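**Q** First the structure, then my questions, so here it is.
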Amino acid sequence: MSPRELSYWGPQIRDINEYSNEPDAHATLLDILIMHQMEPFTYLLGDWSSVSATSSTQWPVATLVPSGRTKVNKVPDHYAFTGLLESGAQASVTWRAGYPAKGRRLQTVWEIDGTEGIVRYESEHSMILAEKGRLFLNDEEVFAEGEVGFAPTMARLWEEFAKPDGNYVGLKEAVKLKTLVDAIETSVREGRRVDL
């Protein structure tokens, strides 16, 4: 989920983020937030082999803040897609923007349901690894070692980048993610499953 307080997509957009409402700027919910979330998804679970997607705009008009101007939303603020991974596993993803992050409303929920049990990650933040979330294995909370958060994660990524054989997302993975985004857009536009 992309909370309202982020002020990118949904009923309010910061004046400085107005470009995120322009399809040709490639700064949509799909282009930025969903694509970034697909990085750890594909790293852990593998690449997609097919995808079927829908999108909608639940907030037809946005208020720009702080100016107070209003603008028609030109990009979807809700996406749902399902498909097969190269492993043969089926996956479903739902993203929505614009709901307030009040109370303990979870912004991110991952659930991997396998034959041996369920792994569940939940967080009040919209980006995985941005802040510490909670991890459960078969409904029992487990705790990871080491620091969690944006800064420690970025530090580890730079350490990997400095290694000759480091483990980090590179251009090859970025091209695969862009191909996935294009497939989702094609599926939305044409109303059909797209094979990758």
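Residue names in the structure tokens use chain letters A, B, ... in the order shown, residue numbers from 1 in each chain, and ligand numbers from 1 in the order shown.
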Taking only range 5-146 of chain A into account, list the residues labelled strand (DSSP E) by DSSP (computed from the backbone), as a ChimeraX atom specification.

**A** /A:12-14,50-56,61-65,70-72,78-84,90-96,108-114,117-123,134-137,140-142

**Q** Suppose we keep C-alpha atoms; can you now write the selection as a short mmCIF file (atom, residue, chain, number, x, y, z; two decimals), in the first residue's frame?

**A**
data_model
loop_
_atom_site.label_atom_id
_atom_site.label_comp_id
_atom_site.auth_asym_id
_atom_site.auth_seq_id
_atom_site.Cartn_x
_atom_site.Cartn_y
_atom_site.Cartn_z
CA GLN A 12 -3.58 14.17 -2.34
CA ILE A 13 -0.31 14.85 -4.13
CA ARG A 14 2.38 17.25 -3.02
CA SER A 50 3.15 -14.83 -16.91
CA VAL A 51 0.98 -12.06 -15.50
CA SER A 52 -2.69 -10.99 -15.66
CA ALA A 53 -3.39 -7.51 -14.31
CA THR A 54 -6.12 -4.98 -13.65
CA SER A 55 -5.92 -1.40 -12.44
CA SER A 56 -8.34 1.28 -11.34
CA VAL A 61 -9.42 13.94 -8.36
CA ALA A 62 -6.36 14.83 -6.32
CA THR A 63 -5.79 17.87 -4.16
CA LEU A 64 -2.31 19.28 -4.52
CA VAL A 65 -0.71 20.26 -1.23
CA THR A 70 -7.15 20.16 -7.74
CA LYS A 71 -6.19 17.93 -10.62
CA VAL A 72 -7.73 14.96 -12.39
CA HIS A 78 -4.88 0.55 -7.49
CA TYR A 79 -3.29 -2.51 -9.14
CA ALA A 80 -3.95 -6.20 -8.81
CA PHE A 81 -2.06 -8.87 -10.69
CA THR A 82 -1.64 -12.59 -10.56
CA GLY A 83 0.42 -15.03 -12.52
CA LEU A 84 2.89 -17.84 -12.51
CA GLN A 90 1.27 -18.95 -8.45
CA ALA A 91 1.47 -15.45 -7.00
CA SER A 92 -1.01 -12.63 -6.39
CA VAL A 93 -0.13 -9.00 -5.68
CA THR A 94 -2.45 -6.13 -4.74
CA TRP A 95 -1.38 -2.50 -4.37
CA ARG A 96 -3.51 0.44 -3.38
CA THR A 108 2.91 -4.13 3.59
CA VAL A 109 1.83 -7.73 4.02
CA TRP A 110 3.68 -10.62 2.40
CA GLU A 111 2.45 -14.15 2.86
CA ILE A 112 4.20 -17.16 1.39
CA ASP A 113 2.00 -20.21 1.83
CA GLY A 114 3.83 -23.45 1.09
CA GLY A 117 3.87 -23.87 6.37
CA ILE A 118 3.40 -20.11 6.10
CA VAL A 119 5.91 -17.27 6.21
CA ARG A 120 4.33 -13.86 6.83
CA TYR A 121 5.98 -10.44 6.87
CA GLU A 122 4.00 -7.36 7.90
CA SER A 123 4.96 -3.74 8.33
CA ARG A 134 7.40 -8.35 11.93
CA LEU A 135 8.19 -11.79 10.58
CA PHE A 136 6.16 -14.91 11.42
CA LEU A 137 6.80 -18.56 10.66
CA GLU A 140 5.12 -17.71 15.56
CA GLU A 141 7.10 -14.47 15.46
CA VAL A 142 10.77 -14.88 14.58
#

**Q** Can you list, as a list in words, every protein, DNA or RNA residue that comes within 12 Å of Leu44 in chain A when you count only C-alpha atoms, leaving out same-chain residues fewer than 4 positions away?

**A** Gln37, Met38, Glu39, Pro40, Trp48, Leu85, Ser87, Trp110 and Ile112 of chain A

**Q** Closest to Arg69 in chain A among A:Glu5, A:Asn167, A:Gly46, A:Pro11, using only C-alpha atoms?

**A** A:Pro11

**Q** How many Å separate CA of Ala144 in chain A from CA of Thr115 in chain A?

**A** 22.8 Å

**Q** Give me, as a ChimeraX atom specification, all polymer residues having an atom no more than 10 Å from Tyr8 in chain A, counting only C-alpha atoms and skipping those fewer than 2 positions away in the same chain.

**A** /A:2-6,10-21,27-29,62,64,77,97-98

**Q** Do a neighbour search on His125 in chain A at 8 Å with only C-alpha atoms, toss out local chain neighbours closer than 6 positions, and write the hits as a list in words.

**A**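 Everything that qualifies: Leu106, Gln107, Thr108, Glu131 and Gly133 of chain A.
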
**Q** Kindly save the residues from that selection, with N, CA and C atoms included, as a compact mmCIF listing (two decimals), in the first residue's frame.

**A**
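Result file follows (out_15.txt):
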# COMPACT_ATOMS: atom_id res chain seq x y z
N LEU A 106 -1.68 -1.82 8.36
CA LEU A 106 -0.49 -2.37 7.74
C LEU A 106 -0.35 -1.86 6.31
N GLN A 107 0.84 -1.43 5.97
CA GLN A 107 1.12 -0.94 4.63
C GLN A 107 1.65 -2.06 3.74
N THR A 108 2.33 -3.02 4.35
CA THR A 108 2.91 -4.13 3.59
C THR A 108 2.59 -5.44 4.29
N GLU A 131 11.88 0.01 7.20
CA GLU A 131 11.83 0.00 8.66
C GLU A 131 11.58 -1.43 9.10
N GLY A 133 9.92 -4.59 10.26
CA GLY A 133 8.59 -5.16 10.26
C GLY A 133 8.57 -6.37 11.18

**Q** For a test of reading the model, state the distance in Å between CA of Pro76 in chain A and CA of Ser49 in chain A, rounded to one decimal.

**A** 23.7 Å
